[in-house]
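Asker: First the structure, then my questions, so here it is.
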Amino acid sequence: NRFAIFVACATFFLIIAGALVTSNDAGLATPDWPLSNGQVFPKMVGNLFWEHGHRMVATTVGMLTIVLMIYILRKENRSWVRKLGVFALLAVIAQGLLGGLTVKLMLPLAVSAAHATLAQLFFCTTVSLAVFTSRSWIEARPIEEEKGTLPLRYLCTAALVTIFLQLIIGATLRHSATWDRQLPTELVLTHIGGALAVTIALGSATLTVLRRHKDEKFLTRPALIALLLLVVQLSLGIAAYVTRLASPNDPQPLNPMISITVAHVACG
């Protein structure tokens, strides 16, 4: 469980590293892959610092995921957790290949958006493994729900699907225009609509948890965290859009736009 938590934290750091590549417009800092300018350890100058740094972090996370899968297969008896461990390894391999394709194909929108979306999915997988191997999950007792009410798992599933669709829209929007161009209006409006849908779906799920199971800290704590993250994410989204509006007039990606958009990706 502790090692799974470590891998999840490393993956979160990897998402931040990847977001920094996009925000600094460093995706094509080197034209080759997996080497950078034909070297394993090139001089980390300019945008190559972000691009090759991202590759080094990704390689580290890949090796950690291999160790985690072996650890799970050796120690874990639940077959579905073992399968999830194998899926995590397959996902990180696919993620690495998509990262290579983004460079080889000169940052096509579909591949870049898929790369960003799979990154979030892989992170969710590592977090799930950390939760499923925890003592609190293993020792948790079944919770009875009131008859005649909409099952909580349906509300949570709806929130999950809505958030994942919003992640796809956000990844597509983020990679649809570089910092020196205006974002497509249609995608911006779609993303705003997605934010409204997430607010309704996640708000309904979390408030239902707090109302029905107020004494179950195992449920109320993540519900409160989800509500807090929702408020922070909406605020970051507005700030990211405002700073992004001015970026085409800037001589290069500036720190306010970079820091806020990266925070928006990380919170997402």
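Every chain in the structure tokens takes a letter, A first, then B, and so on in the order presented; its residues are numbered from 1, and the ligands are numbered from 1 following the presented order.
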Determine which residues of region 37-99 of chain A DSSP labels as helix (DSSP H, G or I) from the backbone of this structure, then write them out as a ChimeraX atom specification.
Answerer: /A:48-75,79-99
Asker: Generate the output file for the selected residues, C-alpha atoms, as a CSV table (one decimal), in the first residue's frame.
Answerer:
chain,number,residue,atom,x,y,z
A,48,LEU,CA,14.8,20.9,-23.7
A,49,PHE,CA,14.8,21.1,-19.9
A,50,TRP,CA,11.0,20.7,-19.9
A,51,GLU,CA,10.7,18.1,-22.7
A,52,HIS,CA,13.6,15.8,-21.7
A,53,GLY,CA,12.8,16.3,-18.0
A,54,HIS,CA,9.3,15.1,-18.7
A,55,ARG,CA,10.8,12.0,-20.5
A,56,MET,CA,13.1,11.2,-17.5
A,57,VAL,CA,10.2,11.5,-15.0
A,58,ALA,CA,8.0,9.3,-17.3
A,59,THR,CA,10.8,6.7,-17.5
A,60,THR,CA,11.0,6.6,-13.8
A,61,VAL,CA,7.3,6.2,-13.4
A,62,GLY,CA,7.3,3.4,-15.9
A,63,MET,CA,10.0,1.5,-14.0
A,64,LEU,CA,8.1,2.1,-10.7
A,65,THR,CA,4.9,0.7,-12.3
A,66,ILE,CA,6.8,-2.5,-13.4
A,67,VAL,CA,7.9,-3.0,-9.8
A,68,LEU,CA,4.4,-2.2,-8.5
A,69,MET,CA,2.8,-4.8,-10.8
A,70,ILE,CA,5.4,-7.5,-9.7
A,71,TYR,CA,4.7,-6.5,-6.1
A,72,ILE,CA,1.0,-6.9,-6.6
A,73,LEU,CA,1.2,-10.2,-8.4
A,74,ARG,CA,3.4,-11.6,-5.6
A,75,LYS,CA,1.5,-10.3,-2.6
A,79,SER,CA,-7.8,-11.4,-8.7
A,80,TRP,CA,-9.4,-8.1,-9.7
A,81,VAL,CA,-6.7,-6.1,-8.0
A,82,ARG,CA,-4.1,-8.2,-9.8
A,83,LYS,CA,-5.8,-7.4,-13.1
A,84,LEU,CA,-5.8,-3.7,-12.2
A,85,GLY,CA,-2.1,-3.9,-11.6
A,86,VAL,CA,-1.5,-5.4,-15.0
A,87,PHE,CA,-3.8,-2.8,-16.6
A,88,ALA,CA,-1.6,-0.1,-14.9
A,89,LEU,CA,1.5,-1.4,-16.6
A,90,LEU,CA,-0.3,-1.7,-20.0
A,91,ALA,CA,-1.6,1.9,-19.6
A,92,VAL,CA,1.9,3.3,-18.8
A,93,ILE,CA,3.4,1.5,-21.8
A,94,ALA,CA,0.6,2.9,-24.1
A,95,GLN,CA,1.2,6.3,-22.6
A,96,GLY,CA,4.9,6.2,-23.5
A,97,LEU,CA,4.1,5.1,-27.0
A,98,LEU,CA,1.6,8.0,-27.4
A,99,GLY,CA,4.2,10.4,-26.1
Asker: Considering only C-alpha atoms, tabulate each residue of region 64-118 of chain A that lies at most 6 Å from region 164-184 of chain A along with its nearest interatomic pair and the corresponding distance in Å to one decimal; arrange the rows by chain and ascending residue number and present them as a Markdown table.
Answerer:
| residue | atom | partner | partner_atom | distance |
| --- | --- | --- | --- | --- |
| A:Ala113 | CA | A:Ala171 | CA | 5.0 |
| A:Ala116 | CA | A:Ala171 | CA | 5.9 |
| A:Thr117 | CA | A:Ile168 | CA | 5.7 |
Asker: How would the residues just chosen look if you wrote them out with all heavy atoms as a PDB file, in the first residue's frame?
Answerer:
ATOM      1  N   ALA A 113      -4.240  14.932 -27.484  1.00  0.00           N
ATOM      2  CA  ALA A 113      -5.380  14.868 -26.566  1.00  0.00           C
ATOM      3  C   ALA A 113      -5.498  13.484 -25.942  1.00  0.00           C
ATOM      4  O   ALA A 113      -5.808  13.349 -24.746  1.00  0.00           O
ATOM      5  CB  ALA A 113      -6.667  15.230 -27.304  1.00  0.00           C
ATOM      6  N   ALA A 116      -2.875  13.155 -23.226  1.00  0.00           N
ATOM      7  CA  ALA A 116      -3.266  13.866 -22.000  1.00  0.00           C
ATOM      8  C   ALA A 116      -4.371  13.128 -21.259  1.00  0.00           C
ATOM      9  O   ALA A 116      -4.364  13.044 -20.024  1.00  0.00           O
ATOM     10  CB  ALA A 116      -3.713  15.286 -22.352  1.00  0.00           C
ATOM     11  N   THR A 117      -5.331  12.579 -21.999  1.00  0.00           N
ATOM     12  CA  THR A 117      -6.447  11.869 -21.366  1.00  0.00           C
ATOM     13  C   THR A 117      -5.983  10.584 -20.696  1.00  0.00           C
ATOM     14  O   THR A 117      -6.374  10.276 -19.564  1.00  0.00           O
ATOM     15  CB  THR A 117      -7.533  11.544 -22.411  1.00  0.00           C
ATOM     16  OG1 THR A 117      -7.983  12.758 -23.021  1.00  0.00           O
ATOM     17  CG2 THR A 117      -8.718  10.854 -21.757  1.00  0.00           C
TER      18      THR A 117
END
Asker: Which residues are close to Ser134 (chain A), i.e. within 12 Å by only C-alpha atoms, leaving aside same-chain residues fewer than 2 positions away? Reply as a list in words.
Answerer: Asn1, Arg2, Phe3, Ala4, Ile5, Glu76, Val81, Val127, Ser128, Leu129, Ala130, Val131, Phe132, Ser136, Trp137, Ile138, Glu139, Ala140 and Phe218 of chain A
Asker: Using N, CA, C and O atoms, can you write the selected residues to a file as an mmCIF file, in the first residue's frame?
Answerer:
data_model
loop_
_atom_site.group_PDB
_atom_site.id
_atom_site.type_symbol
_atom_site.label_atom_id
_atom_site.label_comp_id
_atom_site.auth_asym_id
_atom_site.auth_seq_id
_atom_site.Cartn_x
_atom_site.Cartn_y
_atom_site.Cartn_z
ATOM 1 N N ASN A 1 0.821 -1.205 0.000
ATOM 2 C CA ASN A 1 0.000 0.000 0.000
ATOM 3 C C ASN A 1 0.859 1.260 0.000
ATOM 4 O O ASN A 1 0.589 2.208 -0.744
ATOM 5 N N ARG A 2 1.905 1.276 0.796
ATOM 6 C CA ARG A 2 2.782 2.443 0.840
ATOM 7 C C ARG A 2 3.489 2.646 -0.493
ATOM 8 O O ARG A 2 3.666 3.786 -0.958
ATOM 9 N N PHE A 3 3.895 1.553 -1.115
ATOM 10 C CA PHE A 3 4.563 1.675 -2.405
ATOM 11 C C PHE A 3 3.571 2.154 -3.469
ATOM 12 O O PHE A 3 3.920 2.955 -4.349
ATOM 13 N N ALA A 4 2.323 1.687 -3.407
ATOM 14 C CA ALA A 4 1.292 2.140 -4.341
ATOM 15 C C ALA A 4 1.038 3.644 -4.176
ATOM 16 O O ALA A 4 0.846 4.364 -5.168
ATOM 17 N N ILE A 5 1.041 4.122 -2.934
ATOM 18 C CA ILE A 5 0.884 5.552 -2.679
ATOM 19 C C ILE A 5 2.056 6.323 -3.286
ATOM 20 O O ILE A 5 1.879 7.384 -3.900
ATOM 21 N N GLU A 76 -0.658 -9.948 -3.661
ATOM 22 C CA GLU A 76 -2.094 -9.723 -3.662
ATOM 23 C C GLU A 76 -2.856 -10.975 -4.076
ATOM 24 O O GLU A 76 -2.544 -11.606 -5.083
ATOM 25 N N VAL A 81 -7.746 -7.030 -8.250
ATOM 26 C CA VAL A 81 -6.662 -6.089 -7.963
ATOM 27 C C VAL A 81 -5.427 -6.453 -8.783
ATOM 28 O O VAL A 81 -4.721 -5.575 -9.300
ATOM 29 N N VAL A 127 -4.050 5.739 -8.170
ATOM 30 C CA VAL A 127 -4.747 6.137 -6.939
ATOM 31 C C VAL A 127 -5.677 5.017 -6.486
ATOM 32 O O VAL A 127 -5.772 4.706 -5.288
ATOM 33 N N SER A 128 -6.380 4.402 -7.438
ATOM 34 C CA SER A 128 -7.278 3.294 -7.098
ATOM 35 C C SER A 128 -6.517 2.146 -6.453
ATOM 36 O O SER A 128 -6.972 1.554 -5.468
ATOM 37 N N LEU A 129 -5.358 1.814 -6.989
ATOM 38 C CA LEU A 129 -4.545 0.741 -6.405
ATOM 39 C C LEU A 129 -4.116 1.103 -4.981
ATOM 40 O O LEU A 129 -4.087 0.243 -4.092
ATOM 41 N N ALA A 130 -3.796 2.374 -4.776
ATOM 42 C CA ALA A 130 -3.420 2.812 -3.426
ATOM 43 C C ALA A 130 -4.602 2.678 -2.463
ATOM 44 O O ALA A 130 -4.430 2.282 -1.297
ATOM 45 N N VAL A 131 -5.809 2.978 -2.951
ATOM 46 C CA VAL A 131 -7.002 2.864 -2.103
ATOM 47 C C VAL A 131 -7.348 1.401 -1.852
ATOM 48 O O VAL A 131 -7.613 0.984 -0.708
ATOM 49 N N PHE A 132 -7.341 0.582 -2.902
ATOM 50 C CA PHE A 132 -7.774 -0.814 -2.789
ATOM 51 C C PHE A 132 -6.829 -1.663 -1.947
ATOM 52 O O PHE A 132 -7.225 -2.703 -1.427
ATOM 53 N N SER A 136 -7.973 0.486 5.414
ATOM 54 C CA SER A 136 -9.335 1.003 5.597
ATOM 55 C C SER A 136 -10.285 0.441 4.540
ATOM 56 O O SER A 136 -11.463 0.198 4.824
ATOM 57 N N TRP A 137 -9.791 0.214 3.313
ATOM 58 C CA TRP A 137 -10.643 -0.374 2.273
ATOM 59 C C TRP A 137 -10.915 -1.845 2.575
ATOM 60 O O TRP A 137 -12.052 -2.325 2.473
ATOM 61 N N ILE A 138 -9.858 -2.573 2.942
ATOM 62 C CA ILE A 138 -9.994 -4.017 3.173
ATOM 63 C C ILE A 138 -10.903 -4.295 4.371
ATOM 64 O O ILE A 138 -11.682 -5.254 4.366
ATOM 65 N N GLU A 139 -10.833 -3.437 5.393
ATOM 66 C CA GLU A 139 -11.618 -3.661 6.608
ATOM 67 C C GLU A 139 -12.984 -2.989 6.577
ATOM 68 O O GLU A 139 -13.768 -3.152 7.517
ATOM 69 N N ALA A 140 -13.287 -2.238 5.512
ATOM 70 C CA ALA A 140 -14.568 -1.514 5.458
ATOM 71 C C ALA A 140 -15.736 -2.491 5.430
ATOM 72 O O ALA A 140 -15.691 -3.525 4.772
ATOM 73 N N PHE A 218 -15.301 7.332 6.142
ATOM 74 C CA PHE A 218 -14.722 6.701 4.958
ATOM 75 C C PHE A 218 -15.330 7.283 3.685
ATOM 76 O O PHE A 218 -14.675 7.333 2.638
#
Asker: Which residue gives the smallest distance to Leu236 (chain A) among A:Thr261, A:Thr149, A:Asn77, A:Thr199, with only C-alpha atoms counted?
Answerer: A:Thr261
Asker: Near Leu207 (chain A), counting only C-alpha atoms, which residues have an atom at most 9 Å away, once you skip same-chain residues fewer than 5 positions from it, shown as a list in words?
Answerer: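 Answer for this query is Leu202, Arg212, Ala223, Leu224 and Leu227 of chain A.
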Asker: Take the residues from that selection and put them in a file with C-alpha atoms, as an mmCIF file, in the first residue's frame.
Answerer:
data_model
loop_
_atom_site.group_PDB
_atom_site.id
_atom_site.type_symbol
_atom_site.label_atom_id
_atom_site.label_comp_id
_atom_site.auth_asym_id
_atom_site.auth_seq_id
_atom_site.Cartn_x
_atom_site.Cartn_y
_atom_site.Cartn_z
ATOM 1 C CA LEU A 202 -20.419 15.821 -8.555
ATOM 2 C CA ARG A 212 -27.213 9.920 3.894
ATOM 3 C CA ALA A 223 -16.831 13.804 -0.487
ATOM 4 C CA LEU A 224 -15.661 16.980 1.260
ATOM 5 C CA LEU A 227 -16.326 19.534 -3.137
#
Asker: Near Arg211 (chain A), within 12 Å and counting only C-alpha atoms, which residues show up once chain neighbours fewer than 5 positions away are dropped, as a PDB file with N, CA, C and O atoms, in the first residue's frame?
Answerer:
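To be explicit, this is the file written out as result_12.pdb:
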ATOM      1  N   GLU A 145     -28.182   1.036   2.388  1.00  0.00           N
ATOM      2  CA  GLU A 145     -28.816   2.247   1.882  1.00  0.00           C
ATOM      3  C   GLU A 145     -30.324   2.166   2.075  1.00  0.00           C
ATOM      4  O   GLU A 145     -30.902   1.071   2.128  1.00  0.00           O
ATOM      5  N   GLU A 146     -30.943   3.329   2.177  1.00  0.00           N
ATOM      6  CA  GLU A 146     -32.391   3.367   2.364  1.00  0.00           C
ATOM      7  C   GLU A 146     -33.098   2.827   1.120  1.00  0.00           C
ATOM      8  O   GLU A 146     -32.702   3.115  -0.010  1.00  0.00           O
ATOM      9  N   LEU A 152     -26.517   5.288  -4.247  1.00  0.00           N
ATOM     10  CA  LEU A 152     -25.413   6.232  -4.262  1.00  0.00           C
ATOM     11  C   LEU A 152     -24.392   5.886  -5.343  1.00  0.00           C
ATOM     12  O   LEU A 152     -23.799   6.771  -5.966  1.00  0.00           O
ATOM     13  N   GLY A 203     -21.702  17.584  -7.484  1.00  0.00           N
ATOM     14  CA  GLY A 203     -22.394  18.194  -6.356  1.00  0.00           C
ATOM     15  C   GLY A 203     -23.509  17.301  -5.831  1.00  0.00           C
ATOM     16  O   GLY A 203     -23.673  17.133  -4.614  1.00  0.00           O
ATOM     17  N   SER A 204     -24.270  16.689  -6.733  1.00  0.00           N
ATOM     18  CA  SER A 204     -25.358  15.793  -6.318  1.00  0.00           C
ATOM     19  C   SER A 204     -24.812  14.579  -5.577  1.00  0.00           C
ATOM     20  O   SER A 204     -25.354  14.175  -4.535  1.00  0.00           O
ATOM     21  N   ALA A 205     -23.740  13.990  -6.096  1.00  0.00           N
ATOM     22  CA  ALA A 205     -23.165  12.793  -5.469  1.00  0.00           C
ATOM     23  C   ALA A 205     -22.607  13.097  -4.084  1.00  0.00           C
ATOM     24  O   ALA A 205     -22.871  12.371  -3.116  1.00  0.00           O
ATOM     25  N   THR A 206     -21.830  14.176  -3.976  1.00  0.00           N
ATOM     26  CA  THR A 206     -21.192  14.482  -2.694  1.00  0.00           C
ATOM     27  C   THR A 206     -22.207  14.926  -1.643  1.00  0.00           C
ATOM     28  O   THR A 206     -22.106  14.538  -0.473  1.00  0.00           O
ATOM     29  N   GLU A 216     -20.222   8.288   8.376  1.00  0.00           N
ATOM     30  CA  GLU A 216     -19.236   7.399   7.748  1.00  0.00           C
ATOM     31  C   GLU A 216     -18.074   8.230   7.205  1.00  0.00           C
ATOM     32  O   GLU A 216     -18.110   8.740   6.088  1.00  0.00           O
ATOM     33  N   LEU A 219     -16.568   7.756   3.772  1.00  0.00           N
ATOM     34  CA  LEU A 219     -17.250   8.356   2.626  1.00  0.00           C
ATOM     35  C   LEU A 219     -17.271   9.884   2.687  1.00  0.00           C
ATOM     36  O   LEU A 219     -17.121  10.555   1.659  1.00  0.00           O
ATOM     37  N   THR A 220     -17.467  10.436   3.886  1.00  0.00           N
ATOM     38  CA  THR A 220     -17.620  11.887   3.980  1.00  0.00           C
ATOM     39  C   THR A 220     -16.314  12.640   3.719  1.00  0.00           C
ATOM     40  O   THR A 220     -16.338  13.733   3.140  1.00  0.00           O
ATOM     41  N   ALA A 223     -15.766  12.947   0.039  1.00  0.00           N
ATOM     42  CA  ALA A 223     -16.831  13.804  -0.487  1.00  0.00           C
ATOM     43  C   ALA A 223     -16.503  15.277  -0.253  1.00  0.00           C
ATOM     44  O   ALA A 223     -16.662  16.118  -1.151  1.00  0.00           O
ATOM     45  N   LEU A 224     -16.034  15.596   0.948  1.00  0.00           N
ATOM     46  CA  LEU A 224     -15.661  16.980   1.260  1.00  0.00           C
ATOM     47  C   LEU A 224     -14.457  17.422   0.425  1.00  0.00           C
ATOM     48  O   LEU A 224     -14.400  18.563  -0.048  1.00  0.00           O
TER      49      LEU A 224
END
Asker: By how many Å are CA of Glu186 (chain A) and CA of Asp250 (chain A) apart?
Answerer: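 Taking CA of Glu186 (chain A) as the start and CA of Asp250 (chain A) as the end point, the length is 23.4 Å.
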Asker: Could you work out how far CA of His115 (chain A) lies from CA of Gly100 (chain A), giving the answer in Å with one decimal?
Answerer: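 If I compute the distance from CA of Gly100 (chain A) to CA of His115 (chain A), I get 9.7 Å.
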Asker: Just checking: using only C-alpha atoms, which residue out of A:Asn255, A:Gln39, A:Thr125, A:Thr157 ends up closest to Ala8 (chain A)?
Answerer: A:Thr125
Asker: Taking into account only C-alpha atoms, which residue in the set A:Phe12, A:Phe41, A:Tyr241, A:Phe6 is nearest to Gln120 (chain A)?
Answerer: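 Nearest to Gln120 (chain A): A:Phe12.
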Asker: Given the choices A:Gly193, A:Thr126, A:Ala119, A:Val188, which gets closest to Leu14 (chain A) if the distance is worked out from only C-alpha atoms?
Answerer: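 Using only C-alpha atoms, Leu14 (chain A) sits closest to A:Ala119.
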Asker: Give me the residues within 12 Å of Pro253 (chain A) as JSON, numbers by chain, counting only C-alpha atoms and dropping any in the same chain fewer than 5 places off.
Answerer: {"A": [20, 21, 22, 23, 24, 25, 26, 47, 178, 179, 180, 181, 243, 244, 245, 246, 247, 248, 258, 259, 260, 261]}
